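Coordinates as given in model_31.csv (CSV, C-alpha atoms):
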```
chain,number,residue,atom,x,y,z
A,71,MET,CA,77.1,58.6,113.4
A,72,PRO,CA,80.0,57.7,111.2
A,73,ARG,CA,83.3,59.5,111.7
A,74,PRO,CA,84.5,61.6,108.7
A,75,THR,CA,87.3,60.1,106.6
A,76,PRO,CA,90.8,61.6,107.0
A,77,ALA,CA,90.4,63.3,103.6
A,78,ILE,CA,87.1,65.0,104.6
A,79,ALA,CA,88.5,66.0,108.0
A,80,ALA,CA,91.5,67.5,106.3
A,81,PHE,CA,89.3,69.4,103.9
A,82,LEU,CA,87.2,70.8,106.7
A,83,VAL,CA,90.3,71.8,108.8
A,84,ALA,CA,91.8,73.5,105.7
A,85,CYS,CA,88.6,75.5,105.3
A,86,LEU,CA,88.9,76.6,108.9
A,87,GLY,CA,92.6,77.5,108.4
A,88,VAL,CA,91.8,79.7,105.4
A,89,ALA,CA,88.9,81.4,107.2
A,90,THR,CA,91.1,82.0,110.2
A,91,TYR,CA,93.8,83.6,108.1
A,92,SER,CA,91.3,85.7,106.2
A,93,VAL,CA,90.0,87.1,109.5
A,94,MET,CA,93.6,87.9,110.4
A,95,ASP,CA,93.8,90.0,107.2
A,96,VAL,CA,90.7,91.9,108.2
A,97,ILE,CA,92.2,92.7,111.7
A,98,MET,CA,95.5,93.8,110.0
A,99,LYS,CA,93.6,96.1,107.7
A,100,GLY,CA,92.1,97.8,110.7
A,101,LEU,CA,95.6,98.1,112.3
A,102,VAL,CA,97.1,99.5,109.1
A,103,LEU,CA,94.4,102.2,108.9
A,104,GLY,CA,94.9,103.0,112.6
A,105,ILE,CA,98.7,103.0,113.2
A,106,GLY,CA,100.2,102.6,109.7
A,107,VAL,CA,101.5,99.6,107.8
A,108,TYR,CA,105.0,99.6,109.3
A,109,SER,CA,103.8,99.7,112.9
A,110,ALA,CA,101.1,97.2,112.3
A,111,VAL,CA,103.5,94.7,110.8
A,112,ALA,CA,106.1,95.3,113.5
A,113,TRP,CA,103.8,94.8,116.4
A,114,ARG,CA,102.0,91.8,114.8
A,115,ASN,CA,105.4,90.1,114.3
A,116,LEU,CA,106.4,90.9,117.9
A,117,ALA,CA,103.3,89.0,119.1
A,118,GLY,CA,104.0,86.2,116.6
A,119,ALA,CA,107.6,86.0,117.7
A,120,VAL,CA,106.6,85.6,121.3
A,121,ILE,CA,104.1,82.9,120.5
A,122,ALA,CA,106.4,81.1,118.0
A,123,GLY,CA,109.4,81.4,120.4
A,124,THR,CA,107.5,79.9,123.3
A,125,ALA,CA,106.3,77.0,121.2
A,126,TRP,CA,109.8,76.4,119.8
A,127,GLY,CA,111.3,76.5,123.2
A,128,LEU,CA,108.9,74.1,124.7
A,129,SER,CA,109.7,71.6,121.9
A,130,ARG,CA,113.2,71.1,123.4
A,131,PRO,CA,114.9,72.2,120.2
A,132,THR,CA,118.5,72.0,119.0
A,133,MET,CA,120.1,75.1,117.5
A,134,PRO,CA,120.1,75.0,113.6
A,135,GLY,CA,123.3,74.8,111.7
A,136,ARG,CA,124.9,77.6,109.8
A,137,ALA,CA,123.3,76.7,106.5
A,138,ALA,CA,119.9,76.6,108.0
A,139,LEU,CA,120.4,79.9,109.8
A,140,ARG,CA,121.4,81.6,106.5
A,141,LEU,CA,118.3,80.3,104.8
A,142,HIS,CA,116.1,81.3,107.7
A,143,ALA,CA,117.6,84.8,107.7
A,144,TRP,CA,117.3,85.3,103.9
A,145,ARG,CA,113.7,84.1,103.8
A,146,GLY,CA,112.9,86.4,106.8
A,147,VAL,CA,114.3,89.4,104.8
A,148,VAL,CA,112.1,88.4,101.8
A,149,VAL,CA,109.0,88.0,104.0
A,150,THR,CA,109.6,91.4,105.6
A,151,PHE,CA,109.2,93.3,102.4
A,152,MET,CA,106.5,90.9,101.1
A,153,SER,CA,104.4,91.6,104.2
A,154,LEU,CA,104.9,95.4,104.1
A,155,LEU,CA,103.8,95.5,100.5
A,156,PHE,CA,100.8,93.2,100.9
A,157,PHE,CA,99.5,94.9,104.0
A,158,TYR,CA,100.0,98.3,102.4
A,159,SER,CA,97.9,97.1,99.5
A,160,ILE,CA,95.0,96.0,101.7
A,161,GLY,CA,95.1,99.4,103.3
A,162,VAL,CA,94.3,101.2,100.0
A,163,LEU,CA,92.4,98.4,98.1
A,164,PRO,CA,89.4,96.4,99.0
A,165,ILE,CA,90.6,93.2,100.7
A,166,ALA,CA,89.0,90.9,98.2
A,167,GLU,CA,90.7,92.7,95.3
A,168,ALA,CA,94.1,92.5,96.9
A,169,ILE,CA,93.6,88.8,97.7
A,170,ALA,CA,92.5,88.1,94.2
A,171,LEU,CA,95.6,89.8,92.7
A,172,SER,CA,97.9,87.9,95.1
A,173,PHE,CA,96.5,84.6,93.8
A,174,ILE,CA,98.9,84.9,90.8
A,175,ALA,CA,101.9,84.1,93.0
A,176,PRO,CA,102.0,80.3,92.4
A,177,LEU,CA,102.2,80.9,88.7
A,178,ILE,CA,105.1,83.4,89.1
A,179,ALA,CA,106.8,80.7,91.2
A,180,LEU,CA,106.8,78.4,88.1
A,181,TYR,CA,108.9,80.9,86.2
A,182,LEU,CA,111.2,81.6,89.2
A,183,ALA,CA,111.7,77.9,89.6
A,184,ALA,CA,112.8,77.8,85.9
A,185,LEU,CA,115.1,80.7,86.4
A,186,LEU,CA,116.6,79.7,89.7
A,187,LEU,CA,116.4,75.9,89.7
A,188,GLY,CA,116.6,75.2,85.9
A,189,GLU,CA,113.2,73.6,85.7
A,190,THR,CA,111.3,73.4,82.5
A,191,VAL,CA,108.2,75.6,82.0
A,192,GLY,CA,105.6,73.4,80.2
A,193,ARG,CA,102.8,74.3,77.8
A,194,ALA,CA,100.2,74.0,80.5
A,195,ALA,CA,102.1,76.6,82.6
A,196,ILE,CA,102.2,79.0,79.7
A,197,VAL,CA,98.5,78.7,79.0
A,198,SER,CA,97.7,79.0,82.7
A,199,SER,CA,99.8,82.2,82.8
A,200,VAL,CA,98.0,83.7,79.9
A,201,ILE,CA,94.6,83.0,81.6
A,202,ALA,CA,95.7,84.4,84.9
A,203,LEU,CA,97.2,87.5,83.4
A,204,ALA,CA,93.9,88.1,81.6
A,205,GLY,CA,92.3,88.0,85.0
A,206,VAL,CA,94.8,90.6,86.3
A,207,ALA,CA,94.0,92.8,83.3
A,208,VAL,CA,90.3,92.5,84.0
A,209,ILE,CA,90.7,93.6,87.6
A,210,LEU,CA,93.1,96.4,86.6
A,211,ALA,CA,90.6,97.6,83.9
A,212,GLY,CA,87.9,97.7,86.5
A,213,ARG,CA,90.2,99.7,88.8
A,214,LEU,CA,91.0,102.2,86.1
A,215,SER,CA,87.4,102.7,84.8
A,216,GLY,CA,85.7,105.9,85.8
A,217,SER,CA,87.0,108.0,88.7
A,218,TYR,CA,89.6,106.3,90.9
A,219,ASP,CA,92.0,107.1,93.7
A,220,PRO,CA,95.6,107.3,92.3
A,221,GLU,CA,96.8,105.7,95.5
A,222,ALA,CA,94.8,102.6,94.6
A,223,LEU,CA,97.2,102.1,91.6
A,224,TRP,CA,100.1,102.1,94.1
A,225,GLY,CA,98.2,99.4,95.9
A,226,VAL,CA,97.8,97.3,92.8
A,227,GLY,CA,101.6,97.7,92.1
A,228,ALA,CA,102.4,96.8,95.7
A,229,VAL,CA,100.3,93.6,95.8
A,230,LEU,CA,101.7,92.4,92.4
A,231,LEU,CA,105.3,93.0,93.7
A,232,SER,CA,104.3,91.3,96.9
A,233,ALA,CA,103.1,88.3,94.8
A,234,VAL,CA,106.6,88.2,93.1
A,235,LEU,CA,108.3,88.1,96.5
A,236,PHE,CA,105.7,85.5,97.7
A,237,ALA,CA,106.5,83.3,94.7
A,238,TYR,CA,110.2,83.5,95.6
A,239,ASN,CA,109.2,82.8,99.2
A,240,LEU,CA,107.5,79.6,98.1
A,241,ILE,CA,110.7,78.3,96.6
A,242,LEU,CA,112.6,79.2,99.8
A,243,ALA,CA,109.9,77.6,102.0
A,244,ARG,CA,110.3,74.3,100.1
A,245,LYS,CA,114.1,74.4,100.6
A,246,GLN,CA,113.5,75.1,104.4
A,247,ALA,CA,111.1,72.2,104.7
A,248,LEU,CA,114.0,69.8,103.8
A,249,ILE,CA,116.2,70.9,106.6
A,250,ALA,CA,114.1,72.4,109.4
A,251,ARG,CA,110.8,71.8,111.3
A,252,PRO,CA,107.9,74.3,111.2
A,253,LEU,CA,108.4,75.6,114.7
A,254,GLU,CA,112.0,76.4,114.0
A,255,ILE,CA,111.2,78.0,110.7
A,256,GLY,CA,108.4,80.1,112.3
A,257,PHE,CA,110.5,81.4,115.2
A,258,PHE,CA,113.6,82.3,113.2
A,259,GLN,CA,111.5,83.9,110.5
A,260,THR,CA,109.6,86.2,112.8
A,261,LEU,CA,112.9,87.0,114.6
A,262,THR,CA,114.5,88.0,111.4
A,263,VAL,CA,111.5,90.1,110.4
A,264,LEU,CA,111.6,91.9,113.7
A,265,THR,CA,115.4,92.5,113.3
A,266,VAL,CA,115.0,94.0,109.8
A,267,LEU,CA,112.0,96.2,110.9
A,268,ALA,CA,113.9,97.4,114.0
A,269,LEU,CA,116.5,99.1,111.8
A,270,ALA,CA,113.8,101.8,111.0
A,271,ALA,CA,112.0,101.7,114.3
A,272,PRO,CA,113.5,105.0,115.7
A,273,TRP,CA,111.9,106.9,112.8
A,274,LEU,CA,108.8,104.9,111.8
A,275,LEU,CA,107.5,102.9,114.8
A,276,ASP,CA,104.4,104.3,116.5
A,277,ALA,CA,103.2,103.0,119.8
A,278,PRO,CA,99.9,101.2,119.6
A,279,ARG,CA,96.9,102.6,121.4
A,280,ALA,CA,95.6,100.5,124.4
A,281,THR,CA,92.6,99.6,122.2
A,282,ASP,CA,95.0,98.2,119.5
A,283,TRP,CA,96.5,95.5,121.7
A,284,PRO,CA,93.6,93.0,121.5
A,285,ALA,CA,93.8,93.3,117.7
A,286,ILE,CA,97.6,92.8,117.7
A,287,LEU,CA,97.5,89.8,119.9
A,288,GLY,CA,94.4,88.4,118.1
A,289,ALA,CA,96.3,88.7,114.7
A,290,GLY,CA,99.2,86.8,116.1
A,291,VAL,CA,97.1,84.0,117.6
A,292,LEU,CA,95.0,83.7,114.4
A,293,ALA,CA,98.2,83.4,112.3
A,294,VAL,CA,99.4,80.6,114.5
A,295,LEU,CA,96.1,78.8,114.4
A,296,SER,CA,96.0,79.1,110.6
A,297,LEU,CA,99.5,77.6,110.4
A,298,ILE,CA,98.6,74.7,112.6
A,299,ALA,CA,95.4,74.0,110.7
A,300,MET,CA,96.9,74.1,107.3
A,301,GLY,CA,100.0,72.0,108.3
A,302,TRP,CA,97.7,69.4,109.8
A,303,ALA,CA,95.5,69.3,106.7
A,304,TYR,CA,98.3,69.0,104.2
A,305,ALA,CA,99.9,66.2,106.2
A,306,ARG,CA,96.7,64.2,105.8
A,307,ALA,CA,95.3,64.9,102.3
A,308,GLU,CA,96.7,65.3,98.8
A,309,ALA,CA,97.5,68.8,97.7
A,310,GLN,CA,95.1,68.5,94.8
A,311,LEU,CA,92.1,68.0,97.2
A,312,LEU,CA,93.1,71.1,99.2
A,313,ILE,CA,94.1,73.5,96.4
A,314,PRO,CA,90.5,74.7,95.8
A,315,VAL,CA,90.0,75.3,99.5
A,316,GLU,CA,92.8,77.9,99.6
A,317,TYR,CA,91.0,80.0,97.0
A,318,THR,CA,88.0,80.4,99.4
A,319,ALA,CA,90.1,83.1,100.9
A,320,PHE,CA,88.5,85.4,98.3
A,321,VAL,CA,85.0,84.5,99.6
A,322,TRP,CA,86.0,85.3,103.2
A,323,ALA,CA,87.7,88.5,102.1
A,324,ALA,CA,84.7,89.6,100.2
A,325,ILE,CA,82.3,88.9,103.2
A,326,CYS,CA,84.6,90.4,105.8
A,327,GLY,CA,85.4,93.4,103.7
A,328,TRP,CA,81.7,94.1,103.2
A,329,LEU,CA,80.8,93.6,106.8
A,330,PHE,CA,83.6,95.5,108.5
A,331,PHE,CA,84.7,98.1,105.9
A,332,GLY,CA,81.6,98.4,103.6
A,333,GLU,CA,83.7,97.2,100.6
A,334,ALA,CA,81.6,96.0,97.6
A,335,VAL,CA,82.9,93.4,95.2
A,336,THR,CA,82.7,94.6,91.6
A,337,TRP,CA,81.9,92.3,88.7
A,338,THR,CA,85.4,93.0,87.2
A,339,THR,CA,87.0,91.8,90.5
A,340,LEU,CA,84.9,88.7,90.5
A,341,ALA,CA,85.5,87.9,86.8
A,342,GLY,CA,89.2,88.5,87.1
A,343,THR,CA,89.4,86.3,90.2
A,344,LEU,CA,87.7,83.4,88.3
A,345,LEU,CA,90.3,83.7,85.5
A,346,ILE,CA,93.3,83.8,87.9
A,347,VAL,CA,92.0,80.9,89.9
A,348,ALA,CA,91.3,78.9,86.8
A,349,GLY,CA,94.8,79.5,85.6
A,350,CYS,CA,96.4,78.5,88.9
A,351,ILE,CA,94.3,75.3,89.3
A,352,LEU,CA,95.3,74.3,85.7
A,353,ALA,CA,98.9,74.9,86.5
A,354,ALA,CA,98.7,73.1,89.8
A,355,ARG,CA,97.2,70.0,88.2
A,356,ALA,CA,100.1,69.9,85.8
A,357,ARG,CA,102.8,70.8,88.3
A,358,PRO,CA,101.5,70.4,91.8
A,359,PRO,CA,104.8,70.5,93.7
A,360,ILE,CA,105.5,74.2,92.8
A,361,ALA,CA,102.2,75.6,91.6
A,362,GLU,CA,100.1,74.7,94.6
A,363,PRO,CA,99.0,77.7,96.6
A,364,VAL,CA,100.1,78.2,100.1
A,365,VAL,CA,98.4,80.4,102.7
A,366,GLU,CA,101.3,82.4,104.0
A,367,SER,CA,101.1,82.7,107.8
A,368,ALA,CA,102.8,85.3,109.8
A,369,ILE,CA,104.6,82.6,111.7
A,370,ALA,CA,105.9,80.5,108.8
```
Can I see the file as structure tokens?
Amino acid sequence: MPRPTPAIAAFLVACLGVATYSVMDVIMKGLVLGIGVYSAVAWRNLAGAVIAGTAWGLSRPTMPGRAALRLHAWRGVVVTFMSLLFFYSIGVLPIAEAIALSFIAPLIALYLAALLLGETVGRAAIVSSVIALAGVAVILAGRLSGSYDPEALWGVGAVLLSAVLFAYNLILARKQALIARPLEIGFFQTLTVLTVLALAAPWLLDAPRATDWPAILGAGVLAVLSLIAMGWAYARAEAQLLIPVEYTAFVWAAICGWLFFGEAVTWTTLAGTLLIVAGCILAARARPPIAEPVVESAIA
């Protein structure tokens, strides 16, 4: 039996990485509904910090310089609020809908790169943005039609604001990749997130129930596995081959949301998702270094 080519192997591993991260989102939704978004994110990051810290320590690391530490800390602050907003959104929205709206982040990154790095926004990026915004409008129209829970609108706002922070996070991640290795980035990021969250712990942190610990540890392990799988895949195949794989997160979110939470996918969510994905893929083919999507792990 012939062995798969490196590109095919990378494609399959990327599919596994996306599926793993999608299952982690489902676990996090259960934790958010059980102990609240703040406590769920705090305990999940504690598990992630232990795992990432152990891996980093075993790699015989050297301490990063001052510039790297500043970048690690700043990205950790951004990730803190990005995570709180995103996981709040999946607590009040169907997971597939939240994932679909978050797909707009790579396009936002194009404009942030123009604003912060002085890069030029080309015609393809503008057309892509219009297509993707139409997709957001379709999803929002579906959310507003008929009777709806007002808290769901807060969820829509939260996931869109999280997408803006995620877009900024993409730019910071690319800066980090030039000066630090993934294990170092992952450890110091989770450490920073825990430090920021600890400031409010006396008032907001709830102790998890005994039955929550398997989910907390499972979410941390799945995040690490997703990070490893996606890093391995992107090191062995071109981004343009793997870009479509990352959008399969919507499929996994739809399946898992239906199986575990009884969430149905509406035609407006499906139509809006197709428009957003089409816009992002068009932009990625024109500007792959910035517009390519990245599955954001809890560890990096």
Among listed residues A:Gly188, A:Pro164, A:Pro176, A:Gly256, nearest Cys350 (chain A) (using all atoms listed in the file) | A:Pro176
In the coordinate frame of the file, compute which residues have an atom within 12 Å of (97.3, 86.5, 121.9) when using only C-alpha atoms, and state them as an MDAnalysis selection string.
-> chainID A and resid 113:122 283:295
Shortest interatomic distance to Gly212 (chain A) - which of A:Ala323, A:Cys85, A:Val226, A:Ile298, counting all atoms listed in the file |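 Between A:Ala323, A:Cys85, A:Val226, A:Ile298, the residue approaching Gly212 (chain A) most closely is A:Val226.
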Write out as a VMD selection string which residues come within 7 Å of region 341-345 of chain A when counting all atoms listed in the file, dropping same-chain ones fewer than 5 positions away.
-> chain A and resid 170 201 to 202 204 to 206 208 to 209
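Taking CA of Arg251 (chain A) as the reference point, CA of Ala84 (chain A) is found at 19.9 Å.
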Pick out the closest residue to Ala183 (chain A) from this set: A:Val335, A:Leu103, A:Leu242, A:Ala222. Count all atoms listed in the file.
->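 Of A:Val335, A:Leu103, A:Leu242, A:Ala222, the one nearest Ala183 (chain A), counting all atoms listed in the file, is A:Leu242.
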Counting only C-alpha atoms, the residue of A:Ala179, A:Ile169, A:Leu261, A:Leu128 that sits nearest Arg244 (chain A) =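 For Arg244 (chain A), the nearest of the candidates is A:Ala179.
With all atoms listed in the file as the atoms that count, the minimum distance from Leu101 (chain A) to the choices A:Tyr158, A:Tyr238, A:Trp302, A:Trp273 is reached by A:Tyr158.
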Of the listed residues A:Ser199, A:Gln259, A:Thr132, A:Thr124, that which approaches Gln246 (chain A) most closely, counting all atoms listed in the file =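 Closest to Gln246 (chain A), using all atoms listed in the file: A:Gln259.
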To one decimal in Å, tell me the separation between CA of Leu185 (chain A) and CA of Ser159 (chain A).
->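 About the pair CA of Leu185 (chain A) and CA of Ser159 (chain A): they are 27.1 Å apart.
The interatomic distance for the pair CA of Met300 (chain A) and CA of Gly87 (chain A) works out to 5.6 Å.
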Polymer residues at most 8 Å from Thr262 (chain A), all atoms listed in the file, same-chain spacing of 6 or more positions, as a PDB file with C-alpha atoms, in the coordinates of the input:
```pdb
ATOM      1  CA  HIS A 142     116.100  81.300 107.700  1.00  0.00           C
ATOM      2  CA  ALA A 143     117.600  84.800 107.700  1.00  0.00           C
ATOM      3  CA  GLY A 146     112.900  86.400 106.800  1.00  0.00           C
ATOM      4  CA  VAL A 147     114.300  89.400 104.800  1.00  0.00           C
TER       5      VAL A 147
END
```
Test item: residues at most 12 Å from Val93 (chain A), all atoms listed in the file, excluding those fewer than 2 positions along its chain, as a ChimeraX atom specification | /A:86-91,95-100,165-166,285,288-293,295-296,319-327,329-330
Please provide the set of residues having any atom within 7 Å of Ala77 (chain A), restricted to all atoms listed in the file, with same-chain residues fewer than 4 positions apart removed, written as a list in words.
->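 That gives Phe81, Arg306 and Ala307 of chain A.
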Could the residues in this selection be saved with C-alpha atoms as a compact mmCIF listing (two decimals), in the coordinates of the input?
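Contents of part.txt, as written:
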```txt
# COMPACT_ATOMS: atom_id res chain seq x y z
CA PHE A 81 89.30 69.40 103.90
CA ARG A 306 96.70 64.20 105.80
CA ALA A 307 95.30 64.90 102.30
```
